[in-house]
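> If it helps, the file is called model_18.txt and holds compact mmCIF, N, CA and C atoms:
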# COMPACT_ATOMS: atom_id res chain seq x y z
N MET D 1345 -72.83 85.87 -24.89
CA MET D 1345 -71.86 84.79 -24.98
C MET D 1345 -70.75 85.20 -25.94
N GLU D 1346 -69.54 84.98 -25.56
CA GLU D 1346 -68.40 85.37 -26.36
C GLU D 1346 -67.80 84.13 -27.02
N ILE D 1347 -67.39 84.25 -28.29
CA ILE D 1347 -66.75 83.14 -29.01
C ILE D 1347 -65.25 83.27 -28.83
N VAL D 1348 -64.62 82.20 -28.39
CA VAL D 1348 -63.19 82.17 -28.17
C VAL D 1348 -62.58 81.09 -29.07
N ALA D 1349 -61.54 81.46 -29.79
CA ALA D 1349 -60.87 80.49 -30.67
C ALA D 1349 -60.20 79.42 -29.83
N LEU D 1350 -60.31 78.20 -30.29
CA LEU D 1350 -59.70 77.07 -29.58
C LEU D 1350 -58.23 76.98 -29.99
N ARG D 1351 -57.36 77.05 -29.01
CA ARG D 1351 -55.92 76.90 -29.24
C ARG D 1351 -55.41 75.87 -28.24
N PRO D 1352 -55.43 74.59 -28.64
CA PRO D 1352 -55.09 73.54 -27.69
C PRO D 1352 -53.67 73.64 -27.13
N PHE D 1353 -52.74 74.23 -27.88
CA PHE D 1353 -51.36 74.34 -27.39
C PHE D 1353 -50.99 75.78 -27.06
N GLY D 1354 -52.00 76.63 -26.97
CA GLY D 1354 -51.76 78.04 -26.70
C GLY D 1354 -51.03 78.29 -25.40
N GLU D 1355 -51.30 77.48 -24.38
CA GLU D 1355 -50.65 77.68 -23.10
C GLU D 1355 -49.15 77.36 -23.15
N LEU D 1356 -48.70 76.66 -24.19
CA LEU D 1356 -47.28 76.34 -24.32
C LEU D 1356 -46.49 77.47 -24.98
N SER D 1357 -47.19 78.38 -25.65
CA SER D 1357 -46.51 79.47 -26.36
C SER D 1357 -45.62 80.31 -25.46
N PRO D 1358 -46.07 80.78 -24.31
CA PRO D 1358 -45.17 81.56 -23.43
C PRO D 1358 -43.96 80.73 -22.97
N PHE D 1359 -44.19 79.45 -22.71
CA PHE D 1359 -43.09 78.57 -22.30
C PHE D 1359 -42.04 78.48 -23.41
N ARG D 1360 -42.48 78.30 -24.66
CA ARG D 1360 -41.55 78.21 -25.79
C ARG D 1360 -40.78 79.52 -25.96
N LYS D 1361 -41.48 80.65 -25.85
CA LYS D 1361 -40.81 81.94 -25.98
C LYS D 1361 -39.73 82.11 -24.91
N GLU D 1362 -40.02 81.68 -23.71
CA GLU D 1362 -39.05 81.78 -22.63
C GLU D 1362 -37.84 80.89 -22.89
N MET D 1363 -38.10 79.67 -23.38
CA MET D 1363 -36.99 78.76 -23.70
C MET D 1363 -36.12 79.33 -24.82
N ASP D 1364 -36.76 79.89 -25.86
CA ASP D 1364 -36.01 80.53 -26.94
C ASP D 1364 -35.16 81.68 -26.43
N ARG D 1365 -35.74 82.48 -25.55
CA ARG D 1365 -35.01 83.61 -24.97
C ARG D 1365 -33.80 83.13 -24.18
N LEU D 1366 -33.99 82.11 -23.36
CA LEU D 1366 -32.88 81.58 -22.57
C LEU D 1366 -31.80 80.98 -23.46
N TRP D 1367 -32.21 80.24 -24.48
CA TRP D 1367 -31.23 79.63 -25.38
C TRP D 1367 -30.43 80.70 -26.11
N ASN D 1368 -31.10 81.73 -26.63
CA ASN D 1368 -30.41 82.82 -27.32
C ASN D 1368 -29.46 83.55 -26.39
N ARG D 1369 -29.89 83.75 -25.16
CA ARG D 1369 -29.02 84.41 -24.18
C ARG D 1369 -27.80 83.54 -23.90
N PHE D 1370 -28.01 82.25 -23.73
CA PHE D 1370 -26.91 81.33 -23.48
C PHE D 1370 -25.94 81.30 -24.65
N SER D 1371 -26.45 81.18 -25.86
CA SER D 1371 -25.58 81.04 -27.02
C SER D 1371 -24.87 82.34 -27.39
N ASP D 1372 -25.39 83.49 -26.98
CA ASP D 1372 -24.74 84.76 -27.29
C ASP D 1372 -23.74 85.21 -26.25
N GLU D 1373 -23.80 84.68 -25.01
CA GLU D 1373 -23.00 85.24 -23.94
C GLU D 1373 -21.97 84.30 -23.33
N THR D 1374 -22.00 83.02 -23.64
CA THR D 1374 -21.10 82.11 -22.93
C THR D 1374 -19.86 81.79 -23.73
N PRO D 1375 -18.73 81.55 -23.05
CA PRO D 1375 -17.52 81.12 -23.74
C PRO D 1375 -17.73 79.77 -24.43
N PHE D 1376 -18.61 78.94 -23.87
CA PHE D 1376 -18.91 77.64 -24.46
C PHE D 1376 -19.45 77.82 -25.88
N ALA D 1377 -20.39 78.73 -26.07
CA ALA D 1377 -20.96 78.99 -27.38
C ALA D 1377 -19.93 79.61 -28.31
N ARG D 1378 -19.07 80.45 -27.77
CA ARG D 1378 -18.02 81.08 -28.59
C ARG D 1378 -17.10 80.03 -29.17
N THR D 1379 -16.83 78.97 -28.42
CA THR D 1379 -15.99 77.88 -28.91
C THR D 1379 -16.58 77.28 -30.17
N PHE D 1380 -17.91 77.08 -30.16
CA PHE D 1380 -18.54 76.52 -31.35
C PHE D 1380 -18.46 77.48 -32.53
N SER D 1381 -18.57 78.77 -32.28
CA SER D 1381 -18.56 79.72 -33.38
C SER D 1381 -17.17 79.87 -33.98
N GLU D 1382 -16.13 79.54 -33.22
CA GLU D 1382 -14.78 79.68 -33.74
C GLU D 1382 -14.29 78.43 -34.46
N MET D 1383 -14.96 77.32 -34.28
CA MET D 1383 -14.57 76.09 -34.96
C MET D 1383 -15.57 75.83 -36.08
N TRP D 1384 -15.09 75.25 -37.15
CA TRP D 1384 -16.01 74.87 -38.21
C TRP D 1384 -15.47 73.64 -38.89
N SER D 1385 -16.33 72.97 -39.57
CA SER D 1385 -15.97 71.74 -40.24
C SER D 1385 -16.65 71.73 -41.60
N PRO D 1386 -15.87 71.68 -42.68
CA PRO D 1386 -16.48 71.71 -44.01
C PRO D 1386 -17.30 70.45 -44.29
N SER D 1387 -18.34 70.61 -45.09
CA SER D 1387 -19.15 69.48 -45.52
C SER D 1387 -18.37 68.67 -46.54
N VAL D 1388 -18.51 67.34 -46.45
CA VAL D 1388 -17.72 66.45 -47.30
C VAL D 1388 -18.61 65.36 -47.89
N ASP D 1389 -18.38 65.03 -49.16
CA ASP D 1389 -18.99 63.87 -49.81
C ASP D 1389 -17.87 62.89 -50.12
N ILE D 1390 -18.09 61.63 -49.80
CA ILE D 1390 -17.12 60.59 -50.14
C ILE D 1390 -17.83 59.56 -50.99
N SER D 1391 -17.26 59.28 -52.15
CA SER D 1391 -17.85 58.30 -53.06
C SER D 1391 -16.78 57.32 -53.52
N GLU D 1392 -17.24 56.28 -54.17
CA GLU D 1392 -16.33 55.24 -54.65
C GLU D 1392 -16.74 54.84 -56.05
N THR D 1393 -15.76 54.78 -56.93
CA THR D 1393 -15.97 54.25 -58.26
C THR D 1393 -15.21 52.93 -58.35
N LYS D 1394 -15.23 52.34 -59.50
CA LYS D 1394 -14.52 51.07 -59.68
C LYS D 1394 -13.02 51.21 -59.38
N ASP D 1395 -12.45 52.35 -59.78
CA ASP D 1395 -11.00 52.53 -59.67
C ASP D 1395 -10.54 53.50 -58.59
N ASN D 1396 -11.45 54.32 -58.06
CA ASN D 1396 -11.04 55.40 -57.16
C ASN D 1396 -11.99 55.60 -55.99
N PHE D 1397 -11.44 56.22 -54.95
CA PHE D 1397 -12.25 56.85 -53.92
C PHE D 1397 -12.20 58.33 -54.27
N VAL D 1398 -13.32 59.03 -54.08
CA VAL D 1398 -13.35 60.46 -54.38
C VAL D 1398 -13.91 61.19 -53.17
N VAL D 1399 -13.16 62.19 -52.72
CA VAL D 1399 -13.58 63.01 -51.58
C VAL D 1399 -13.75 64.43 -52.09
N LYS D 1400 -14.93 65.00 -51.86
CA LYS D 1400 -15.20 66.39 -52.23
C LYS D 1400 -15.55 67.15 -50.96
N ALA D 1401 -14.86 68.26 -50.75
CA ALA D 1401 -15.08 69.09 -49.56
C ALA D 1401 -15.44 70.50 -49.99
N GLU D 1402 -16.50 71.05 -49.40
CA GLU D 1402 -16.89 72.43 -49.67
C GLU D 1402 -16.06 73.36 -48.79
N LEU D 1403 -15.31 74.23 -49.45
CA LEU D 1403 -14.44 75.16 -48.74
C LEU D 1403 -14.64 76.57 -49.26
N PRO D 1404 -15.85 77.13 -49.10
CA PRO D 1404 -16.12 78.47 -49.64
C PRO D 1404 -15.25 79.53 -48.99
N GLY D 1405 -14.77 80.44 -49.82
CA GLY D 1405 -13.97 81.55 -49.31
C GLY D 1405 -12.51 81.23 -49.11
N LEU D 1406 -12.10 80.00 -49.36
CA LEU D 1406 -10.69 79.63 -49.21
C LEU D 1406 -9.99 79.64 -50.55
N GLU D 1407 -8.68 79.71 -50.49
CA GLU D 1407 -7.84 79.57 -51.67
C GLU D 1407 -7.06 78.27 -51.52
N ALA D 1408 -6.62 77.71 -52.63
CA ALA D 1408 -5.89 76.45 -52.61
C ALA D 1408 -4.67 76.51 -51.69
N LYS D 1409 -4.03 77.66 -51.61
CA LYS D 1409 -2.82 77.79 -50.77
C LYS D 1409 -3.13 77.64 -49.28
N ASN D 1410 -4.40 77.76 -48.89
CA ASN D 1410 -4.79 77.64 -47.48
C ASN D 1410 -5.30 76.26 -47.13
N VAL D 1411 -5.13 75.30 -48.04
CA VAL D 1411 -5.62 73.94 -47.84
C VAL D 1411 -4.46 72.97 -47.93
N ASN D 1412 -4.43 71.98 -47.01
CA ASN D 1412 -3.39 70.96 -47.01
C ASN D 1412 -4.06 69.59 -47.01
N VAL D 1413 -3.60 68.72 -47.91
CA VAL D 1413 -4.11 67.35 -48.00
C VAL D 1413 -2.92 66.42 -47.78
N SER D 1414 -3.10 65.44 -46.88
CA SER D 1414 -2.03 64.47 -46.65
C SER D 1414 -2.63 63.09 -46.43
N ILE D 1415 -1.80 62.08 -46.65
CA ILE D 1415 -2.23 60.71 -46.41
C ILE D 1415 -1.12 59.98 -45.68
N SER D 1416 -1.53 59.17 -44.72
CA SER D 1416 -0.59 58.35 -43.97
C SER D 1416 -1.25 56.99 -43.80
N GLY D 1417 -0.75 56.00 -44.51
CA GLY D 1417 -1.38 54.68 -44.48
C GLY D 1417 -2.76 54.77 -45.10
N ASP D 1418 -3.77 54.42 -44.32
CA ASP D 1418 -5.15 54.51 -44.82
C ASP D 1418 -5.90 55.70 -44.23
N ILE D 1419 -5.15 56.71 -43.73
CA ILE D 1419 -5.76 57.89 -43.12
C ILE D 1419 -5.53 59.11 -44.02
N LEU D 1420 -6.63 59.70 -44.47
CA LEU D 1420 -6.60 60.92 -45.28
C LEU D 1420 -6.92 62.10 -44.37
N THR D 1421 -6.11 63.14 -44.43
CA THR D 1421 -6.33 64.33 -43.61
C THR D 1421 -6.44 65.55 -44.51
N ILE D 1422 -7.49 66.33 -44.29
CA ILE D 1422 -7.67 67.60 -44.98
C ILE D 1422 -7.70 68.67 -43.89
N ARG D 1423 -6.82 69.65 -44.01
CA ARG D 1423 -6.81 70.73 -43.01
C ARG D 1423 -6.58 72.05 -43.71
N GLY D 1424 -6.93 73.10 -43.02
CA GLY D 1424 -6.73 74.42 -43.59
C GLY D 1424 -7.21 75.49 -42.64
N GLU D 1425 -7.24 76.71 -43.16
CA GLU D 1425 -7.67 77.83 -42.34
C GLU D 1425 -8.36 78.87 -43.21
N LYS D 1426 -9.48 79.35 -42.71
CA LYS D 1426 -10.21 80.43 -43.36
C LYS D 1426 -10.01 81.67 -42.51
N LYS D 1427 -9.38 82.67 -43.09
CA LYS D 1427 -9.06 83.90 -42.35
C LYS D 1427 -10.30 84.73 -42.08
N THR D 1428 -10.31 85.40 -40.95
CA THR D 1428 -11.38 86.33 -40.60
C THR D 1428 -11.12 87.64 -41.30
N GLU D 1429 -12.18 88.23 -41.86
CA GLU D 1429 -12.03 89.53 -42.51
C GLU D 1429 -11.79 90.60 -41.46
N GLU D 1430 -10.97 91.57 -41.83
CA GLU D 1430 -10.71 92.68 -40.93
C GLU D 1430 -11.90 93.64 -40.96
N GLU D 1431 -12.29 94.12 -39.78
CA GLU D 1431 -13.40 95.06 -39.69
C GLU D 1431 -12.93 96.43 -40.14
N GLU D 1432 -13.74 97.05 -40.99
CA GLU D 1432 -13.45 98.42 -41.45
C GLU D 1432 -13.57 99.37 -40.27
N LYS D 1433 -12.88 100.50 -40.34
CA LYS D 1433 -12.89 101.48 -39.26
C LYS D 1433 -14.30 101.96 -38.93
N ASP D 1434 -15.11 102.23 -39.95
CA ASP D 1434 -16.46 102.74 -39.73
C ASP D 1434 -17.52 101.66 -39.82
N GLU D 1435 -17.11 100.41 -39.78
CA GLU D 1435 -18.06 99.31 -39.91
C GLU D 1435 -18.20 98.60 -38.57
N HIS D 1436 -19.44 98.41 -38.13
CA HIS D 1436 -19.71 97.73 -36.87
C HIS D 1436 -20.68 96.60 -37.15
N TYR D 1437 -20.25 95.38 -36.83
CA TYR D 1437 -21.08 94.21 -37.09
C TYR D 1437 -22.17 94.08 -36.03
N HIS D 1438 -23.34 93.69 -36.46
CA HIS D 1438 -24.44 93.39 -35.56
C HIS D 1438 -24.58 91.89 -35.36
N ARG D 1439 -24.11 91.13 -36.36
CA ARG D 1439 -24.17 89.67 -36.29
C ARG D 1439 -23.11 89.11 -37.22
N VAL D 1440 -22.40 88.09 -36.77
CA VAL D 1440 -21.39 87.43 -37.60
C VAL D 1440 -21.70 85.93 -37.58
N GLU D 1441 -22.07 85.38 -38.72
CA GLU D 1441 -22.43 83.96 -38.80
C GLU D 1441 -21.53 83.16 -39.73
N ARG D 1442 -20.70 83.84 -40.53
CA ARG D 1442 -19.84 83.12 -41.45
C ARG D 1442 -18.69 82.49 -40.68
N TYR D 1443 -18.35 81.28 -41.07
CA TYR D 1443 -17.31 80.54 -40.38
C TYR D 1443 -15.93 81.07 -40.73
N SER D 1444 -15.03 80.98 -39.75
CA SER D 1444 -13.63 81.29 -39.97
C SER D 1444 -12.81 80.50 -38.96
N GLY D 1445 -11.51 80.43 -39.21
CA GLY D 1445 -10.62 79.70 -38.32
C GLY D 1445 -10.10 78.43 -38.96
N SER D 1446 -9.40 77.64 -38.18
CA SER D 1446 -8.80 76.40 -38.68
C SER D 1446 -9.82 75.28 -38.68
N PHE D 1447 -9.55 74.30 -39.53
CA PHE D 1447 -10.37 73.10 -39.55
C PHE D 1447 -9.47 71.92 -39.88
N GLN D 1448 -9.96 70.75 -39.53
CA GLN D 1448 -9.27 69.51 -39.88
C GLN D 1448 -10.31 68.42 -39.97
N ARG D 1449 -10.28 67.66 -41.05
CA ARG D 1449 -11.14 66.50 -41.23
C ARG D 1449 -10.22 65.31 -41.49
N VAL D 1450 -10.48 64.21 -40.78
CA VAL D 1450 -9.66 63.01 -40.91
C VAL D 1450 -10.58 61.85 -41.27
N PHE D 1451 -10.18 61.07 -42.29
CA PHE D 1451 -10.99 59.97 -42.77
C PHE D 1451 -10.15 58.71 -42.88
N GLN D 1452 -10.70 57.60 -42.41
CA GLN D 1452 -10.04 56.32 -42.60
C GLN D 1452 -10.62 55.70 -43.86
N LEU D 1453 -9.73 55.38 -44.79
CA LEU D 1453 -10.16 54.79 -46.05
C LEU D 1453 -10.40 53.30 -45.86
N PRO D 1454 -11.41 52.74 -46.53
CA PRO D 1454 -11.75 51.34 -46.32
C PRO D 1454 -10.73 50.35 -46.86
N SER D 1455 -9.90 50.75 -47.80
CA SER D 1455 -8.87 49.85 -48.33
C SER D 1455 -7.73 50.68 -48.90
N GLY D 1456 -6.69 49.99 -49.39
CA GLY D 1456 -5.48 50.66 -49.83
C GLY D 1456 -5.64 51.54 -51.05
N VAL D 1457 -4.81 52.59 -51.11
CA VAL D 1457 -4.78 53.48 -52.26
C VAL D 1457 -3.34 53.63 -52.74
N LYS D 1458 -3.20 54.06 -53.97
CA LYS D 1458 -1.88 54.33 -54.55
C LYS D 1458 -1.50 55.76 -54.14
N ALA D 1459 -0.75 55.89 -53.06
CA ALA D 1459 -0.43 57.20 -52.49
C ALA D 1459 0.29 58.11 -53.49
N ASP D 1460 1.11 57.54 -54.35
CA ASP D 1460 1.86 58.35 -55.31
C ASP D 1460 1.01 58.83 -56.48
N LYS D 1461 -0.21 58.37 -56.60
CA LYS D 1461 -1.10 58.74 -57.71
C LYS D 1461 -2.27 59.62 -57.27
N ILE D 1462 -2.31 60.01 -56.01
CA ILE D 1462 -3.41 60.83 -55.49
C ILE D 1462 -3.37 62.21 -56.14
N GLU D 1463 -4.56 62.70 -56.52
CA GLU D 1463 -4.66 64.04 -57.09
C GLU D 1463 -5.62 64.87 -56.25
N ALA D 1464 -5.27 66.15 -56.05
CA ALA D 1464 -6.14 67.08 -55.34
C ALA D 1464 -6.32 68.31 -56.21
N ASN D 1465 -7.58 68.63 -56.53
CA ASN D 1465 -7.90 69.79 -57.36
C ASN D 1465 -8.85 70.69 -56.60
N PHE D 1466 -8.66 72.00 -56.78
CA PHE D 1466 -9.48 72.99 -56.09
C PHE D 1466 -10.11 73.89 -57.14
N ASP D 1467 -11.45 73.95 -57.16
CA ASP D 1467 -12.14 74.76 -58.15
C ASP D 1467 -13.43 75.32 -57.55
N LYS D 1468 -13.59 76.63 -57.61
CA LYS D 1468 -14.80 77.32 -57.15
C LYS D 1468 -15.20 76.93 -55.73
N GLY D 1469 -14.22 76.84 -54.84
CA GLY D 1469 -14.51 76.57 -53.44
C GLY D 1469 -14.75 75.11 -53.11
N VAL D 1470 -14.49 74.21 -54.07
CA VAL D 1470 -14.67 72.78 -53.82
C VAL D 1470 -13.34 72.07 -54.03
N LEU D 1471 -12.90 71.35 -53.00
CA LEU D 1471 -11.70 70.53 -53.09
C LEU D 1471 -12.12 69.13 -53.50
N LYS D 1472 -11.49 68.59 -54.55
CA LYS D 1472 -11.77 67.23 -54.99
C LYS D 1472 -10.48 66.43 -54.91
N VAL D 1473 -10.50 65.40 -54.06
CA VAL D 1473 -9.33 64.52 -53.90
C VAL D 1473 -9.68 63.17 -54.51
N THR D 1474 -8.88 62.75 -55.50
CA THR D 1474 -9.09 61.47 -56.16
C THR D 1474 -8.00 60.52 -55.69
N LEU D 1475 -8.41 59.40 -55.10
CA LEU D 1475 -7.47 58.43 -54.53
C LEU D 1475 -7.61 57.11 -55.29
N PRO D 1476 -6.68 56.82 -56.21
CA PRO D 1476 -6.76 55.57 -56.96
C PRO D 1476 -6.56 54.36 -56.06
N LYS D 1477 -7.39 53.35 -56.25
CA LYS D 1477 -7.31 52.12 -55.46
C LYS D 1477 -6.14 51.26 -55.92
N VAL D 1478 -5.56 50.50 -54.98
CA VAL D 1478 -4.58 49.49 -55.36
C VAL D 1478 -5.34 48.34 -56.01
N GLU D 1479 -4.67 47.54 -56.80
CA GLU D 1479 -5.34 46.45 -57.53
C GLU D 1479 -6.13 45.52 -56.60
N GLU D 1480 -5.57 45.21 -55.43
CA GLU D 1480 -6.24 44.30 -54.51
C GLU D 1480 -7.56 44.86 -54.01
N ALA D 1481 -7.70 46.20 -53.99
CA ALA D 1481 -8.91 46.82 -53.46
C ALA D 1481 -10.02 46.97 -54.50
N LYS D 1482 -9.67 46.78 -55.77
CA LYS D 1482 -10.67 46.93 -56.82
C LYS D 1482 -11.65 45.76 -56.79
N LYS D 1483 -12.88 46.08 -57.05
CA LYS D 1483 -13.93 45.06 -57.07
C LYS D 1483 -13.74 44.16 -58.27
N LYS D 1484 -13.80 42.88 -58.04
CA LYS D 1484 -13.65 41.92 -59.13
C LYS D 1484 -14.91 41.08 -59.22
N GLU D 1485 -15.39 40.92 -60.42
CA GLU D 1485 -16.55 40.06 -60.65
C GLU D 1485 -16.06 38.63 -60.81
N ILE D 1486 -16.75 37.71 -60.16
CA ILE D 1486 -16.39 36.30 -60.23
C ILE D 1486 -17.52 35.56 -60.92
N GLU D 1487 -17.15 34.87 -61.96
CA GLU D 1487 -18.16 34.14 -62.73
C GLU D 1487 -18.66 32.93 -61.93
N VAL D 1488 -19.96 32.77 -61.92
CA VAL D 1488 -20.56 31.61 -61.26
C VAL D 1488 -20.78 30.57 -62.34
N LYS D 1489 -20.16 29.42 -62.15
CA LYS D 1489 -20.24 28.35 -63.14
C LYS D 1489 -21.30 27.34 -62.75
N VAL D 1490 -21.88 26.74 -63.76
CA VAL D 1490 -22.88 25.69 -63.54
C VAL D 1490 -22.19 24.35 -63.72
N LYS D 1491 -22.42 23.41 -62.81
CA LYS D 1491 -21.80 22.09 -62.90
C LYS D 1491 -22.73 21.12 -63.58
Show me, as structure tokens, the structure contained in the file I just sent.

Amino acid sequence: MEIVALRPFGELSPFRKEMDRLWNRFSDETPFARTFSEMWSPSVDISETKDNFVVKAELPGLEAKNVNVSISGDILTIRGEKKTEEEEKDEHYHRVERYSGSFQRVFQLPSGVKADKIEANFDKGVLKVTLPKVEEAKKKEIEVKVK
């Protein structure tokens, strides 16, 4: 009598390998997948303090001169471009996963800001945009009175 290890999902292993193979083939060879690899979108955190909205965007590998911040009404737009590195004459890539190309992120702000007081600072690959709120947008505490 021979002892055989029980593998309840063992029969699914070849199926999974085949699906992985097909997916990798699809993502490496189609123009559709190439579109995704050429576009990128930086990660963004948006927070709110009593006086400001703060937007932080991760833009590794960019310089401040390659980033544009604009506001129109209650719409904040951050756009820029990360250049592709030139391949060295004797260098041949086997895989390229770092993002490059243009990007644009557009955000609708929940209330008014003082457009003339907006500040944008770029440090160590992080863009920080501080948008001061207009007085009407600031949170006000209302005292509850007892009668």
> Taking only C-alpha atoms into account, name the residue in D:Arg1449, D:Lys1489, D:Arg1439, D:Lys1477 that is nearest to Glu1402 of chain D.
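Smallest distance to Glu1402 of chain D is found for D:Arg1449.
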> Determine, counting all atoms listed in the file, which protein, DNA and RNA residues have an atom within 8 Å of an atom of segment 1383-1390 of chain D; residues of the same chain fewer than 4 positions away are not included. Present the result as a count of residues only.
17
> For Leu1471 of chain D, which residue among D:Arg1423, D:Arg1442, D:Lys1491, D:Lys1433 is the nearest when counting only C-alpha atoms?
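Distance minimum relative to Leu1471 of chain D lands on D:Arg1423.
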> Measure the distance from atom CA of Thr1474 of chain D to atom N of Ser1391 of chain D in Å and round it to one decimal.
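Distance reported for this atom pair: 9.4 Å.
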> Find, counting only C-alpha atoms, the residue in D:His1436, D:Arg1365, D:Lys1458, D:Lys1468 that gets nearest to Gly1417 of chain D.
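Result for the nearest residue to Gly1417 of chain D: D:Lys1458.
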> Between atom N of Glu1392 of chain D and atom N of Leu1475 of chain D, measure the distance and give it in Å to one decimal.
9.4 Å
> In Å, rounded to a single decimal, give me how far atom N of Asp1467 of chain D is from atom C of Lys1409 of chain D.
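Taking atom C of Lys1409 of chain D and atom N of Asp1467 of chain D, their separation equals 12.0 Å.
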> Given the choices D:Met1363, D:Val1488, D:Ile1422, D:Val1450, which gets closest to Ala1464 of chain D if the distance is worked out from only C-alpha atoms?
D:Ile1422
> Which of these residues is nearest to Ser1455 of chain D, using only C-alpha atoms: D:Val1440, D:Val1413, D:Ala1408, D:Ile1419?
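Smallest distance to Ser1455 of chain D is found for D:Ile1419.
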